[in-house]
Each structure stands twice: as structure tokens, then as C-alpha cells.
Amino acid sequence: MGNSVYNDIRATLESHLAGVVGLPDIFYENVNKDPIVGQSFLKVQMFPTRRRPACRGSSPQQRYDGVFTVYCYTPEGIGPSQADDLANLVIEAFDATTDITHPTLIDTIVSIEYAEREQGITSQPYYYVPVNVGFYHYAT
Amino acid sequence: MSKQVTINQSFYGKLEKLEEMAEEVIQDKLMDIAETAVNLSERTVDTGAYITSFSFVPAGSSAGRMRTSNNKPTGQSPQAMGDEALGGLISDIKSIDLKATPRVTLRNRSPHAREVEDGKEVPNSRWRKSGYGIFRSIRSIHG
């Protein structure tokens with residue numbers, strides 16, 4: 001199975017998001033589940049970007065960097081506020097300089113570097129706001 | 001009693017040298033960003049329209065390459081398209097007057113750039129596309 005650090009990072013971020021009150025259904029990567037037209041939903045995607053030694057010398061810890069993107073989808077044509085509200089909830093849940101932990105993966109602490117949103121985008125029949133959460137994690 | 005400071009002419013020479021060094025550092029950074037953008041985008045290549053639509057422009061400019069994938073042959077070589085894209089970005093870096101330009105923007109004006117970035121949801125269909133997250137990954141790597 002090999003090193004499971006990326007699995008643990010993903011599990012930590014996704015479980016933290018799933019615990020936020022007031023969010024609609026969450027669609028995870030590579031899951032064949034259809035959103036219901038006319039209902040809001042979230043879609044998540046993890047973009048690992050770098051894995052580098054955190055310091056010089058032998059057997060250094062590795063620093064894992066990446067972006068966890070939450071797309072906040074709402075029906076098209078109802079105005080922006082519902083998507084804005086969802087984006088606000090996500091941003092508040094992933095506040096910069098906080099650490100996210102998983103209920104059972106005790107050694108996994110994912111640190112949040114930033115959480116910022118992009119403009120709203122119409123993609124028929126939806127309107128969505130992407131929220132990008134920059135994270136990093138140290139592991140041996 | 002008057003006070004005065006005399007500035008040696010060599011001061012201006014040293015200042016110019018510092019400006020040249022700063023310009024080289026900025027060019028190196030832009031080059032790093034260009035290579036990251038191209039490396040990340042090679043996996044998206046089909047017609048090559050997206051990857052060859054990257055450009056560096058002075059902030060505030062509306063210019064930039066825009067290639068559409070309409071009527072273009074598919075299955076293009078990612079490496080060849082990547083080389084073409086990098087060549088365009090290098091040419092942009094060389095043509096921008098960095099001393100006169102306070103900010104430089106990396107842009108992709110292909111019509112489907114947003115779809116490449118975020119993917120696409122098509123309701124009542126098994127067809128959905130995951131985004132490649134090119135710009136958000138560049139932001140994560142380069143700040």
C-alpha cells in the first residue's frame with residue numbers, strides 16, 4: 001500500500017468539511033453520484049502541489065503542500081447570495097493559521113495557509129463559487 | 001554655515017548595476033512560473049489550444065494569446081505543444097520592460113480556460129470533467 005500521507009491529508013480535510021453545519025450534499029472525487037438539478041451541492045477536489053524535504057540533512061521530514069478546492073454550486077438564476085453564503089461557511093471553517101485534525105488519525109495535523117474564494121461563475125444550469133484552501137502538512 | 005554632500009559619479013553606476021540585478025531576479029522568477037504553468041498544463045493537451053494560450057502581460061492590459069480548440073486536430077503531442085507554449089512565454093518575458101511595468105500578469109485567454117481550471121458538471125449525465133486546477137496550483141507553488 002505504501003505511504004498513506006496523501007490519503008490521510010484528504011481524509012482530514014474532507015471530514016472537517018463534512019462536519020460543518022449548514023452545508024448541502026458533498027460530492028467527492030471519483031464518485032459517480034449525480035447532483036439533483038435545482039438543489040445546491042458542494043464538490044471537492046484536492047490538488048497536491050509539492051512534497052519537499054523540510055530541512056537539510058539525512059532523513060528529513062517532508063513538507064506536503066497543496067490546495068483543497070471546494071466548489072459551492074447553486075441553481076442558476078437565483079442570485080449570488082446562496083453561493084456566497086456557502087463560500088463564507090467554507091472559508092470560516094478553514095481559517096488561515098489554524099490546524100485541522102481527524103477524529104481517528106491522531107498523527108495527522110493539516111495546517112491551513114489560506115482560504116480564499118474566486119468570483120462566481122455561471123455554468124448552466126448551475127452557478128458556482130470556488131473556494132481554494134491552501135494547506136501544508138509535515139510528515140516523516 | 002552651509003552643508004553639502006558630494007555624490008561620486010560611481011554611485012549612479014552602482015545603482016544601475018543593482019537595477020540590472022533586480023531585473024534578472026524578476027526574469028528568473030517569471031521563468032520559473034512559466035515552466036510550472038507549462039509542466040502542469042501538458043496533461044491537458046488535446047488540440048493544444050489551452051496550453052498555447054498562456055501569456056505574460058503587463059497588469060491592466062487586456063492583451064494575451066487566445067486559441068480556440070474549434071477545427072483543430074486532436075491528439076497533439078503534449079511535449080511539442082508545451083515547447084511552443086514555453087517559447088511564447090519566454091518571448092513575452094523578454095519583451096516586457098520590467099523597469100517600467102509595476103506588475104505582470106500570467107493569463108490564459110482560451111475560451112475554455114475556466115472549464116480546464118474547474119471542470120464541468122453536466123446534470124443527468126455520467127459525463128463530468130474534473131478540473132486541472134492549473135492557476136490555483138501555480139498560486140500554491142509560487143505564492
# chains A, B, ... in the order shown; residues from 1 in each chain; ligands from 1
>>> select_by_dssp(residues="chain B", states="strand (DSSP E or B)", output="PyMOL selection string")
chain B and resi 54-58+104-108+119-121+128-130
>>> closest_atom_pairs(of="chain B", to="chain A", cutoff="12 Å", atoms="only C-alpha atoms", output="Markdown table")
| residue | atom | partner | partner_atom | distance |
| --- | --- | --- | --- | --- |
| B:Thr36 | CA | A:Thr49 | CA | 10.5 |
| B:Asn39 | CA | A:Thr49 | CA | 11.9 |
| B:Leu40 | CA | A:Thr49 | CA | 9.8 |
| B:His112 | CA | A:Ser123 | CA | 11.8 |
| B:Arg114 | CA | A:Ile121 | CA | 9.0 |
| B:Glu115 | CA | A:Ser123 | CA | 9.2 |
| B:Glu117 | CA | A:Pro130 | CA | 10.4 |
| B:Asp118 | CA | A:Pro130 | CA | 8.1 |
| B:Gly119 | CA | A:Ser123 | CA | 10.2 |
| B:Lys120 | CA | A:Ser123 | CA | 7.7 |
| B:Glu121 | CA | A:Ser123 | CA | 8.0 |
| B:Val122 | CA | A:Gln124 | CA | 8.3 |
| B:Pro123 | CA | A:Val37 | CA | 6.6 |
| B:Asn124 | CA | A:Asp34 | CA | 6.7 |
| B:Ser125 | CA | A:Asp34 | CA | 7.7 |
| B:Arg126 | CA | A:Asn32 | CA | 7.4 |
| B:Trp127 | CA | A:Asn32 | CA | 9.7 |
| B:Arg128 | CA | A:Asn32 | CA | 9.4 |
| B:Lys129 | CA | A:Asn30 | CA | 10.2 |
| B:Ser130 | CA | A:Gln45 | CA | 8.2 |
| B:Gly131 | CA | A:Gln45 | CA | 8.2 |
| B:Tyr132 | CA | A:Phe47 | CA | 8.3 |
| B:Gly133 | CA | A:Phe47 | CA | 7.1 |
| B:Ile134 | CA | A:Phe47 | CA | 9.3 |
| B:Phe135 | CA | A:Val67 | CA | 10.8 |
| B:Arg136 | CA | A:Val67 | CA | 7.2 |
| B:Ser137 | CA | A:Thr49 | CA | 6.2 |
| B:Ile138 | CA | A:Thr49 | CA | 8.4 |
| B:Arg139 | CA | A:Gly134 | CA | 9.2 |
| B:Ser140 | CA | A:Gly66 | CA | 6.5 |
| B:Ile141 | CA | A:Thr49 | CA | 6.7 |
| B:His142 | CA | A:Thr49 | CA | 10.4 |
| B:Gly143 | CA | A:Gly134 | CA | 10.2 |
>>> write_last_selection(atoms="N, CA, C and O atoms", output="compact mmCIF listing (two decimals), in the first residue's frame")
# COMPACT_ATOMS: atom_id res chain seq x y z
N THR B 36 6.44 26.17 -14.61
CA THR B 36 5.41 25.50 -13.81
C THR B 36 4.10 25.42 -14.58
O THR B 36 3.45 24.37 -14.65
N ASN B 39 4.48 22.84 -17.42
CA ASN B 39 4.56 21.46 -16.92
C ASN B 39 3.22 20.96 -16.43
O ASN B 39 2.83 19.83 -16.70
N LEU B 40 2.50 21.83 -15.70
CA LEU B 40 1.19 21.42 -15.18
C LEU B 40 0.18 21.25 -16.31
O LEU B 40 -0.77 20.47 -16.18
N HIS B 112 -12.01 28.09 -23.30
CA HIS B 112 -12.36 27.01 -22.35
C HIS B 112 -11.45 26.97 -21.14
O HIS B 112 -11.36 25.96 -20.45
N ARG B 114 -11.70 28.37 -18.22
CA ARG B 114 -12.40 28.14 -16.95
C ARG B 114 -12.77 26.66 -16.80
O ARG B 114 -12.66 26.10 -15.70
N GLU B 115 -13.16 26.04 -17.88
CA GLU B 115 -13.53 24.62 -17.84
C GLU B 115 -12.29 23.76 -17.54
O GLU B 115 -12.37 22.78 -16.81
N GLU B 117 -9.80 24.75 -15.78
CA GLU B 117 -9.44 25.02 -14.38
C GLU B 117 -10.35 24.29 -13.41
O GLU B 117 -9.90 23.65 -12.47
N ASP B 118 -11.69 24.40 -13.63
CA ASP B 118 -12.65 23.91 -12.63
C ASP B 118 -13.36 22.63 -13.02
O ASP B 118 -14.03 22.02 -12.20
N GLY B 119 -13.26 22.21 -14.26
CA GLY B 119 -14.04 21.06 -14.71
C GLY B 119 -15.45 21.49 -15.07
O GLY B 119 -15.76 22.68 -15.16
N LYS B 120 -16.30 20.51 -15.27
CA LYS B 120 -17.66 20.84 -15.68
C LYS B 120 -18.63 19.80 -15.15
O LYS B 120 -18.33 18.61 -15.17
N GLU B 121 -19.77 20.26 -14.67
CA GLU B 121 -20.84 19.36 -14.23
C GLU B 121 -21.93 19.37 -15.29
O GLU B 121 -22.41 20.43 -15.67
N VAL B 122 -22.30 18.20 -15.76
CA VAL B 122 -23.40 18.10 -16.72
C VAL B 122 -24.49 17.27 -16.05
O VAL B 122 -24.30 16.08 -15.81
N PRO B 123 -25.64 17.90 -15.70
CA PRO B 123 -26.67 17.16 -14.95
C PRO B 123 -27.28 16.04 -15.77
O PRO B 123 -27.30 16.09 -16.99
N ASN B 124 -27.73 15.03 -15.03
CA ASN B 124 -28.39 13.87 -15.64
C ASN B 124 -27.51 13.20 -16.68
O ASN B 124 -27.99 12.68 -17.68
N SER B 125 -26.25 13.24 -16.44
CA SER B 125 -25.32 12.64 -17.40
C SER B 125 -24.15 12.05 -16.63
O SER B 125 -23.74 12.59 -15.61
N ARG B 126 -23.61 10.98 -17.12
CA ARG B 126 -22.43 10.42 -16.48
C ARG B 126 -21.19 11.20 -16.87
O ARG B 126 -20.11 10.97 -16.36
N TRP B 127 -21.36 12.10 -17.84
CA TRP B 127 -20.20 12.87 -18.31
C TRP B 127 -19.96 14.04 -17.40
O TRP B 127 -20.78 14.91 -17.24
N ARG B 128 -18.86 14.01 -16.71
CA ARG B 128 -18.44 15.18 -15.96
C ARG B 128 -16.92 15.23 -16.03
O ARG B 128 -16.27 14.22 -16.18
N LYS B 129 -16.43 16.40 -15.94
CA LYS B 129 -15.00 16.58 -16.14
C LYS B 129 -14.40 17.18 -14.88
O LYS B 129 -14.92 18.17 -14.36
N SER B 130 -13.32 16.62 -14.40
CA SER B 130 -12.62 17.21 -13.26
C SER B 130 -11.74 18.34 -13.74
O SER B 130 -11.21 18.30 -14.85
N GLY B 131 -11.60 19.33 -12.91
CA GLY B 131 -10.73 20.45 -13.26
C GLY B 131 -9.27 20.09 -13.06
O GLY B 131 -8.94 19.20 -12.29
N TYR B 132 -8.40 20.81 -13.75
CA TYR B 132 -6.96 20.58 -13.62
C TYR B 132 -6.32 21.52 -12.60
O TYR B 132 -5.20 21.32 -12.18
N GLY B 133 -7.05 22.57 -12.25
CA GLY B 133 -6.55 23.47 -11.20
C GLY B 133 -5.19 24.07 -11.50
O GLY B 133 -4.36 24.17 -10.59
N ILE B 134 -4.95 24.49 -12.71
CA ILE B 134 -3.62 24.96 -13.11
C ILE B 134 -3.26 26.23 -12.33
O ILE B 134 -2.20 26.29 -11.68
N PHE B 135 -4.10 27.24 -12.39
CA PHE B 135 -3.76 28.51 -11.76
C PHE B 135 -3.73 28.41 -10.24
O PHE B 135 -2.89 29.03 -9.59
N ARG B 136 -4.62 27.60 -9.66
CA ARG B 136 -4.58 27.51 -8.20
C ARG B 136 -3.33 26.74 -7.75
O ARG B 136 -2.78 27.01 -6.68
N SER B 137 -2.87 25.82 -8.59
CA SER B 137 -1.62 25.12 -8.25
C SER B 137 -0.42 26.05 -8.40
O SER B 137 0.50 26.02 -7.56
N ILE B 138 -0.43 26.89 -9.43
CA ILE B 138 0.66 27.86 -9.59
C ILE B 138 0.69 28.79 -8.38
O ILE B 138 1.75 29.11 -7.84
N ARG B 139 -0.48 29.22 -7.95
CA ARG B 139 -0.58 30.10 -6.77
C ARG B 139 -0.02 29.41 -5.53
O ARG B 139 0.67 30.02 -4.71
N SER B 140 -0.30 28.11 -5.38
CA SER B 140 0.19 27.37 -4.22
C SER B 140 1.71 27.25 -4.25
O SER B 140 2.38 27.38 -3.24
N ILE B 141 2.28 27.05 -5.45
CA ILE B 141 3.72 26.82 -5.55
C ILE B 141 4.49 28.12 -5.46
O ILE B 141 5.53 28.20 -4.81
N HIS B 142 4.00 29.15 -6.13
CA HIS B 142 4.79 30.39 -6.25
C HIS B 142 4.29 31.53 -5.38
O HIS B 142 4.93 32.58 -5.32
N GLY B 143 3.17 31.35 -4.73
CA GLY B 143 2.69 32.39 -3.82
C GLY B 143 1.94 33.52 -4.49
O GLY B 143 1.81 33.57 -5.68
>>> closest_residue(among="A:Gln39, A:Ser15, A:Ser81, A:Ser58", to="Val129 in chain A", atoms="only C-alpha atoms")
A:Ser81
>>> closest_residue(among="A:Pro80, A:Asn88, A:Gly57, A:Arg63", to="Val5 in chain A", atoms="only C-alpha atoms")
A:Arg63
>>> residues_around(residues="Met31 in chain B", least_positions_apart="3", cutoff="12 Å", atoms="only C-alpha atoms", output="number ranges by chain")
B: 24-28, 34-38, 55-56, 86-94, 106, 142
>>> write_last_selection(atoms="N, CA, C and O atoms", output="CSV table (one decimal), in the first residue's frame")
chain,number,residue,atom,x,y,z
B,24,GLU,N,17.1,40.8,-13.4
B,24,GLU,CA,17.4,39.4,-13.7
B,24,GLU,C,16.7,38.5,-12.7
B,24,GLU,O,16.2,37.4,-13.1
B,25,VAL,N,16.6,38.9,-11.4
B,25,VAL,CA,15.9,38.1,-10.4
B,25,VAL,C,14.4,38.0,-10.8
B,25,VAL,O,13.8,36.9,-10.7
B,26,ILE,N,13.8,39.1,-11.3
B,26,ILE,CA,12.4,39.1,-11.7
B,26,ILE,C,12.2,38.2,-12.9
B,26,ILE,O,11.3,37.4,-13.0
B,27,GLN,N,13.1,38.3,-13.8
B,27,GLN,CA,13.0,37.5,-15.0
B,27,GLN,C,13.1,36.0,-14.7
B,27,GLN,O,12.4,35.1,-15.2
B,28,ASP,N,14.1,35.7,-13.8
B,28,ASP,CA,14.2,34.3,-13.3
B,28,ASP,C,12.9,33.8,-12.7
B,28,ASP,O,12.5,32.6,-12.9
B,34,ALA,N,6.6,30.3,-15.6
B,34,ALA,CA,6.3,29.9,-16.9
B,34,ALA,C,6.5,28.3,-17.0
B,34,ALA,O,5.6,27.6,-17.6
B,35,GLU,N,7.6,27.9,-16.5
B,35,GLU,CA,7.9,26.4,-16.6
B,35,GLU,C,6.8,25.6,-15.8
B,35,GLU,O,6.4,24.6,-16.2
B,36,THR,N,6.4,26.2,-14.6
B,36,THR,CA,5.4,25.5,-13.8
B,36,THR,C,4.1,25.4,-14.6
B,36,THR,O,3.5,24.4,-14.6
B,37,ALA,N,3.7,26.5,-15.2
B,37,ALA,CA,2.4,26.6,-15.9
B,37,ALA,C,2.5,25.6,-17.1
B,37,ALA,O,1.5,24.8,-17.3
B,38,VAL,N,3.6,25.5,-17.8
B,38,VAL,CA,3.6,24.6,-18.9
B,38,VAL,C,3.7,23.1,-18.4
B,38,VAL,O,3.0,22.3,-19.0
B,55,SER,N,0.0,33.6,-21.7
B,55,SER,CA,0.9,34.8,-22.0
B,55,SER,C,1.1,35.6,-20.7
B,55,SER,O,0.4,35.5,-19.7
B,56,PHE,N,2.3,36.3,-20.7
B,56,PHE,CA,2.6,37.3,-19.7
B,56,PHE,C,2.2,38.6,-20.3
B,56,PHE,O,2.7,39.0,-21.4
B,86,LEU,N,6.0,27.4,-24.0
B,86,LEU,CA,7.1,28.0,-23.2
B,86,LEU,C,7.9,29.0,-24.1
B,86,LEU,O,8.2,30.1,-23.6
B,87,GLY,N,8.0,28.7,-25.4
B,87,GLY,CA,8.6,29.7,-26.3
B,87,GLY,C,7.9,31.0,-26.3
B,87,GLY,O,8.5,32.1,-26.2
B,88,GLY,N,6.6,30.9,-26.3
B,88,GLY,CA,5.8,32.2,-26.3
B,88,GLY,C,5.9,32.9,-25.0
B,88,GLY,O,6.0,34.2,-25.0
B,89,LEU,N,6.0,32.2,-23.9
B,89,LEU,CA,6.1,32.9,-22.6
B,89,LEU,C,7.5,33.5,-22.4
B,89,LEU,O,7.6,34.6,-21.9
B,90,ILE,N,8.5,32.8,-22.9
B,90,ILE,CA,9.9,33.4,-22.9
B,90,ILE,C,9.9,34.7,-23.7
B,90,ILE,O,10.5,35.7,-23.3
B,91,SER,N,9.3,34.6,-24.8
B,91,SER,CA,9.3,35.8,-25.7
B,91,SER,C,8.5,37.0,-25.0
B,91,SER,O,9.0,38.1,-25.1
B,92,ASP,N,7.5,36.7,-24.3
B,92,ASP,CA,6.8,37.7,-23.5
B,92,ASP,C,7.7,38.3,-22.5
B,92,ASP,O,7.7,39.5,-22.3
B,93,ILE,N,8.4,37.4,-21.7
B,93,ILE,CA,9.3,37.9,-20.6
B,93,ILE,C,10.3,38.9,-21.2
B,93,ILE,O,10.6,39.9,-20.6
B,94,LYS,N,10.8,38.5,-22.4
B,94,LYS,CA,11.9,39.4,-22.9
B,94,LYS,C,11.4,40.7,-23.4
B,94,LYS,O,12.1,41.7,-23.5
B,106,LEU,N,0.1,36.6,-15.4
B,106,LEU,CA,0.1,35.4,-16.2
B,106,LEU,C,-1.4,35.2,-16.6
B,106,LEU,O,-2.3,35.1,-15.7
B,142,HIS,N,4.0,29.1,-6.1
B,142,HIS,CA,4.8,30.4,-6.3
B,142,HIS,C,4.3,31.5,-5.4
B,142,HIS,O,4.9,32.6,-5.3
>>> atom_distance(atom1="CA of Ser69 in chain B", atom2="CA of Thr47 in chain B")
6.0 Å
>>> residues_around(residues="Gln76 in chain B", least_positions_apart="4", cutoff="9 Å", atoms="only C-alpha atoms", output="list in words")
Val45, Asp46, Thr47, Gly48, Ala80 and Met81 of chain B
>>> closest_residue(among="B:Met66, B:Val57, B:Ile51, B:Val104", to="Gln79 in chain B", atoms="only C-alpha atoms")
B:Ile51
>>> closest_atom_pairs(of="range 66-121 of chain A", to="range 21-24 of chain A", cutoff="12 Å", atoms="only C-alpha atoms", output="tab-separated table")
residue	atom	partner	partner_atom	distance
A:Val70	CA	A:Leu23	CA	11.5
A:Tyr71	CA	A:Pro24	CA	11.7
A:Cys72	CA	A:Pro24	CA	9.2
A:Tyr73	CA	A:Pro24	CA	9.5
A:Thr74	CA	A:Pro24	CA	9.9
A:Gln82	CA	A:Leu23	CA	11.0
A:Ala83	CA	A:Leu23	CA	10.8
A:Asp85	CA	A:Leu23	CA	9.7
A:Leu86	CA	A:Leu23	CA	6.9
A:Ala87	CA	A:Leu23	CA	9.8
A:Asn88	CA	A:Leu23	CA	10.8
A:Leu89	CA	A:Leu23	CA	7.9
A:Val90	CA	A:Leu23	CA	8.6
A:Glu92	CA	A:Val21	CA	11.5
A:Ala93	CA	A:Val21	CA	9.8
>>> write_last_selection(atoms="all heavy atoms", output="CSV table (one decimal), in the first residue's frame")
chain,number,residue,atom,x,y,z
A,70,VAL,N,-13.1,23.7,-2.8
A,70,VAL,CA,-14.5,23.3,-2.6
A,70,VAL,C,-15.3,24.2,-3.6
A,70,VAL,O,-15.3,25.4,-3.5
A,70,VAL,CB,-14.9,23.6,-1.1
A,70,VAL,CG1,-16.3,23.3,-0.9
A,70,VAL,CG2,-14.0,22.9,-0.2
A,71,TYR,N,-16.0,23.6,-4.5
A,71,TYR,CA,-16.8,24.3,-5.4
A,71,TYR,C,-18.3,24.3,-4.8
A,71,TYR,O,-18.8,23.3,-4.5
A,71,TYR,CB,-16.9,23.6,-6.8
A,71,TYR,CG,-15.6,23.3,-7.4
A,71,TYR,CD1,-14.9,22.1,-7.2
A,71,TYR,CD2,-15.0,24.3,-8.2
A,71,TYR,CE1,-13.6,21.9,-7.9
A,71,TYR,CE2,-13.8,24.1,-8.9
A,71,TYR,CZ,-13.1,22.9,-8.7
A,71,TYR,OH,-11.9,22.7,-9.3
A,72,CYS,N,-18.8,25.6,-4.6
A,72,CYS,CA,-20.1,25.7,-4.0
A,72,CYS,C,-21.1,26.0,-5.1
A,72,CYS,O,-21.2,27.1,-5.6
A,72,CYS,CB,-20.1,26.9,-3.0
A,72,CYS,SG,-18.8,26.8,-1.8
A,73,TYR,N,-21.9,25.0,-5.4
A,73,TYR,CA,-22.8,25.0,-6.6
A,73,TYR,C,-24.2,25.4,-6.1
A,73,TYR,O,-24.7,24.8,-5.1
A,73,TYR,CB,-22.9,23.7,-7.3
A,73,TYR,CG,-21.8,23.4,-8.2
A,73,TYR,CD1,-20.6,22.8,-7.8
A,73,TYR,CD2,-22.0,23.6,-9.6
A,73,TYR,CE1,-19.6,22.6,-8.8
A,73,TYR,CE2,-21.0,23.4,-10.5
A,73,TYR,CZ,-19.8,22.8,-10.1
A,73,TYR,OH,-18.8,22.6,-11.0
A,74,THR,N,-24.9,26.3,-6.8
A,74,THR,CA,-26.3,26.6,-6.5
A,74,THR,C,-27.0,26.6,-7.9
A,74,THR,O,-26.3,26.7,-8.9
A,74,THR,CB,-26.5,27.9,-5.8
A,74,THR,OG1,-26.0,29.0,-6.7
A,74,THR,CG2,-25.7,28.0,-4.5
A,82,GLN,N,-26.9,32.8,-2.2
A,82,GLN,CA,-26.8,31.4,-1.6
A,82,GLN,C,-25.4,30.8,-1.8
A,82,GLN,O,-24.9,30.2,-0.9
A,82,GLN,CB,-27.8,30.5,-2.4
A,82,GLN,CG,-28.4,29.5,-1.5
A,82,GLN,CD,-29.6,28.7,-2.2
A,82,GLN,OE1,-29.3,27.6,-2.8
A,82,GLN,NE2,-30.8,29.3,-2.2
A,83,ALA,N,-24.8,31.1,-3.0
A,83,ALA,CA,-23.5,30.6,-3.2
A,83,ALA,C,-22.5,31.3,-2.3
A,83,ALA,O,-21.5,30.7,-1.8
A,83,ALA,CB,-23.1,30.7,-4.7
A,85,ASP,N,-23.1,32.6,0.6
A,85,ASP,CA,-23.3,32.1,2.0
A,85,ASP,C,-22.5,30.8,2.2
A,85,ASP,O,-21.9,30.5,3.2
A,85,ASP,CB,-24.8,31.9,2.3
A,85,ASP,CG,-25.5,33.2,2.4
A,85,ASP,OD1,-24.8,34.2,2.6
A,85,ASP,OD2,-26.8,33.1,2.4
A,86,LEU,N,-22.6,29.9,1.2
A,86,LEU,CA,-21.9,28.6,1.3
A,86,LEU,C,-20.4,28.8,1.3
A,86,LEU,O,-19.7,28.2,2.1
A,86,LEU,CB,-22.3,27.7,0.1
A,86,LEU,CG,-23.7,27.1,0.0
A,86,LEU,CD1,-23.9,26.3,-1.3
A,86,LEU,CD2,-24.0,26.3,1.2
A,87,ALA,N,-19.9,29.7,0.4
A,87,ALA,CA,-18.5,30.0,0.4
A,87,ALA,C,-18.0,30.6,1.7
A,87,ALA,O,-16.9,30.2,2.2
A,87,ALA,CB,-18.2,31.0,-0.8
A,88,ASN,N,-18.9,31.4,2.3
A,88,ASN,CA,-18.5,32.0,3.6
A,88,ASN,C,-18.3,30.9,4.7
A,88,ASN,O,-17.4,31.0,5.5
A,88,ASN,CB,-19.5,33.0,4.1
A,88,ASN,CG,-19.6,34.3,3.2
A,88,ASN,OD1,-18.6,34.6,2.5
A,88,ASN,ND2,-20.7,35.0,3.3
A,89,LEU,N,-19.2,30.0,4.7
A,89,LEU,CA,-19.2,28.9,5.7
A,89,LEU,C,-17.9,28.1,5.5
A,89,LEU,O,-17.2,27.7,6.5
A,89,LEU,CB,-20.4,27.9,5.5
A,89,LEU,CG,-21.7,28.4,6.0
A,89,LEU,CD1,-22.8,27.5,5.7
A,89,LEU,CD2,-21.7,28.6,7.6
A,90,VAL,N,-17.5,27.8,4.2
A,90,VAL,CA,-16.3,27.0,4.0
A,90,VAL,C,-15.1,27.8,4.4
A,90,VAL,O,-14.2,27.3,5.1
A,90,VAL,CB,-16.2,26.7,2.5
A,90,VAL,CG1,-14.9,26.0,2.2
A,90,VAL,CG2,-17.4,25.8,2.1
A,92,GLU,N,-14.8,30.2,6.6
A,92,GLU,CA,-14.7,30.3,8.1
A,92,GLU,C,-14.3,29.0,8.7
A,92,GLU,O,-13.6,29.0,9.7
A,92,GLU,CB,-16.1,30.7,8.7
A,92,GLU,CG,-16.4,32.2,8.5
A,92,GLU,CD,-17.9,32.5,8.7
A,92,GLU,OE1,-18.6,31.6,9.2
A,92,GLU,OE2,-18.3,33.6,8.3
A,93,ALA,N,-14.7,27.9,8.1
A,93,ALA,CA,-14.3,26.5,8.6
A,93,ALA,C,-12.8,26.3,8.4
A,93,ALA,O,-12.2,25.5,9.2
A,93,ALA,CB,-15.1,25.5,8.0
>>> closest_residue(among="A:Val131, A:Val110, A:Ile100, A:Leu105", to="His16 in chain A", atoms="only C-alpha atoms")
A:Ile100
>>> decode(residues="range 6-68 of chain B", atoms="C-alpha atoms", output="PDB file, in the first residue's frame")
ATOM      1  CA  THR B   6      29.001  65.347  -2.848  1.00  0.00           C
ATOM      2  CA  ILE B   7      27.883  62.212  -4.626  1.00  0.00           C
ATOM      3  CA  ASN B   8      30.513  60.355  -6.515  1.00  0.00           C
ATOM      4  CA  GLN B   9      29.602  59.575 -10.130  1.00  0.00           C
ATOM      5  CA  SER B  10      30.276  55.889  -9.439  1.00  0.00           C
ATOM      6  CA  PHE B  11      27.156  55.861  -7.212  1.00  0.00           C
ATOM      7  CA  TYR B  12      24.936  56.051 -10.277  1.00  0.00           C
ATOM      8  CA  GLY B  13      26.841  53.231 -11.902  1.00  0.00           C
ATOM      9  CA  LYS B  14      26.318  51.058  -8.824  1.00  0.00           C
ATOM     10  CA  LEU B  15      22.602  51.914  -8.757  1.00  0.00           C
ATOM     11  CA  GLU B  16      22.241  50.909 -12.381  1.00  0.00           C
ATOM     12  CA  LYS B  17      24.021  47.648 -11.639  1.00  0.00           C
ATOM     13  CA  LEU B  18      21.578  46.958  -8.782  1.00  0.00           C
ATOM     14  CA  GLU B  19      18.645  47.617 -11.100  1.00  0.00           C
ATOM     15  CA  GLU B  20      20.034  45.154 -13.629  1.00  0.00           C
ATOM     16  CA  MET B  21      20.450  42.518 -10.923  1.00  0.00           C
ATOM     17  CA  ALA B  22      16.874  43.085  -9.713  1.00  0.00           C
ATOM     18  CA  GLU B  23      15.599  42.762 -13.261  1.00  0.00           C
ATOM     19  CA  GLU B  24      17.416  39.431 -13.659  1.00  0.00           C
ATOM     20  CA  VAL B  25      15.879  38.116 -10.434  1.00  0.00           C
ATOM     21  CA  ILE B  26      12.399  39.057 -11.659  1.00  0.00           C
ATOM     22  CA  GLN B  27      13.028  37.464 -15.046  1.00  0.00           C
ATOM     23  CA  ASP B  28      14.207  34.261 -13.335  1.00  0.00           C
ATOM     24  CA  LYS B  29      11.042  34.202 -11.227  1.00  0.00           C
ATOM     25  CA  LEU B  30       8.826  34.723 -14.275  1.00  0.00           C
ATOM     26  CA  MET B  31      10.703  31.915 -15.994  1.00  0.00           C
ATOM     27  CA  ASP B  32      10.014  29.605 -13.021  1.00  0.00           C
ATOM     28  CA  ILE B  33       6.324  30.467 -13.187  1.00  0.00           C
ATOM     29  CA  ALA B  34       6.277  29.852 -16.938  1.00  0.00           C
ATOM     30  CA  GLU B  35       7.868  26.426 -16.558  1.00  0.00           C
ATOM     31  CA  THR B  36       5.408  25.495 -13.809  1.00  0.00           C
ATOM     32  CA  ALA B  37       2.432  26.588 -15.929  1.00  0.00           C
ATOM     33  CA  VAL B  38       3.642  24.576 -18.922  1.00  0.00           C
ATOM     34  CA  ASN B  39       4.565  21.465 -16.923  1.00  0.00           C
ATOM     35  CA  LEU B  40       1.193  21.419 -15.181  1.00  0.00           C
ATOM     36  CA  SER B  41      -0.674  22.012 -18.444  1.00  0.00           C
ATOM     37  CA  GLU B  42       0.939  19.321 -20.578  1.00  0.00           C
ATOM     38  CA  ARG B  43      -1.524  16.791 -19.158  1.00  0.00           C
ATOM     39  CA  THR B  44      -4.417  18.867 -20.560  1.00  0.00           C
ATOM     40  CA  VAL B  45      -3.198  18.761 -24.160  1.00  0.00           C
ATOM     41  CA  ASP B  46      -5.614  17.522 -26.815  1.00  0.00           C
ATOM     42  CA  THR B  47      -5.617  20.193 -29.550  1.00  0.00           C
ATOM     43  CA  GLY B  48      -3.050  22.301 -27.684  1.00  0.00           C
ATOM     44  CA  ALA B  49      -5.276  25.367 -27.705  1.00  0.00           C
ATOM     45  CA  TYR B  50      -5.232  25.816 -23.925  1.00  0.00           C
ATOM     46  CA  ILE B  51      -1.524  25.388 -23.299  1.00  0.00           C
ATOM     47  CA  THR B  52      -0.554  27.686 -26.169  1.00  0.00           C
ATOM     48  CA  SER B  53      -2.899  30.405 -24.899  1.00  0.00           C
ATOM     49  CA  PHE B  54      -0.702  31.338 -21.927  1.00  0.00           C
ATOM     50  CA  SER B  55       0.874  34.775 -21.972  1.00  0.00           C
ATOM     51  CA  PHE B  56       2.565  37.257 -19.667  1.00  0.00           C
ATOM     52  CA  VAL B  57       1.151  40.760 -19.996  1.00  0.00           C
ATOM     53  CA  PRO B  58       1.560  43.987 -18.011  1.00  0.00           C
ATOM     54  CA  ALA B  59      -1.152  44.148 -15.323  1.00  0.00           C
ATOM     55  CA  GLY B  60      -4.171  46.032 -16.595  1.00  0.00           C
ATOM     56  CA  SER B  61      -3.613  45.043 -20.206  1.00  0.00           C
ATOM     57  CA  SER B  62      -6.406  43.154 -21.940  1.00  0.00           C
ATOM     58  CA  ALA B  63      -3.989  41.528 -24.378  1.00  0.00           C
ATOM     59  CA  GLY B  64      -2.883  37.909 -24.480  1.00  0.00           C
ATOM     60  CA  ARG B  65      -2.954  34.837 -26.675  1.00  0.00           C
ATOM     61  CA  MET B  66      -6.352  33.290 -27.344  1.00  0.00           C
ATOM     62  CA  ARG B  67      -6.541  29.975 -29.178  1.00  0.00           C
ATOM     63  CA  THR B  68      -9.784  28.102 -29.606  1.00  0.00           C
TER      64      THR B  68
END
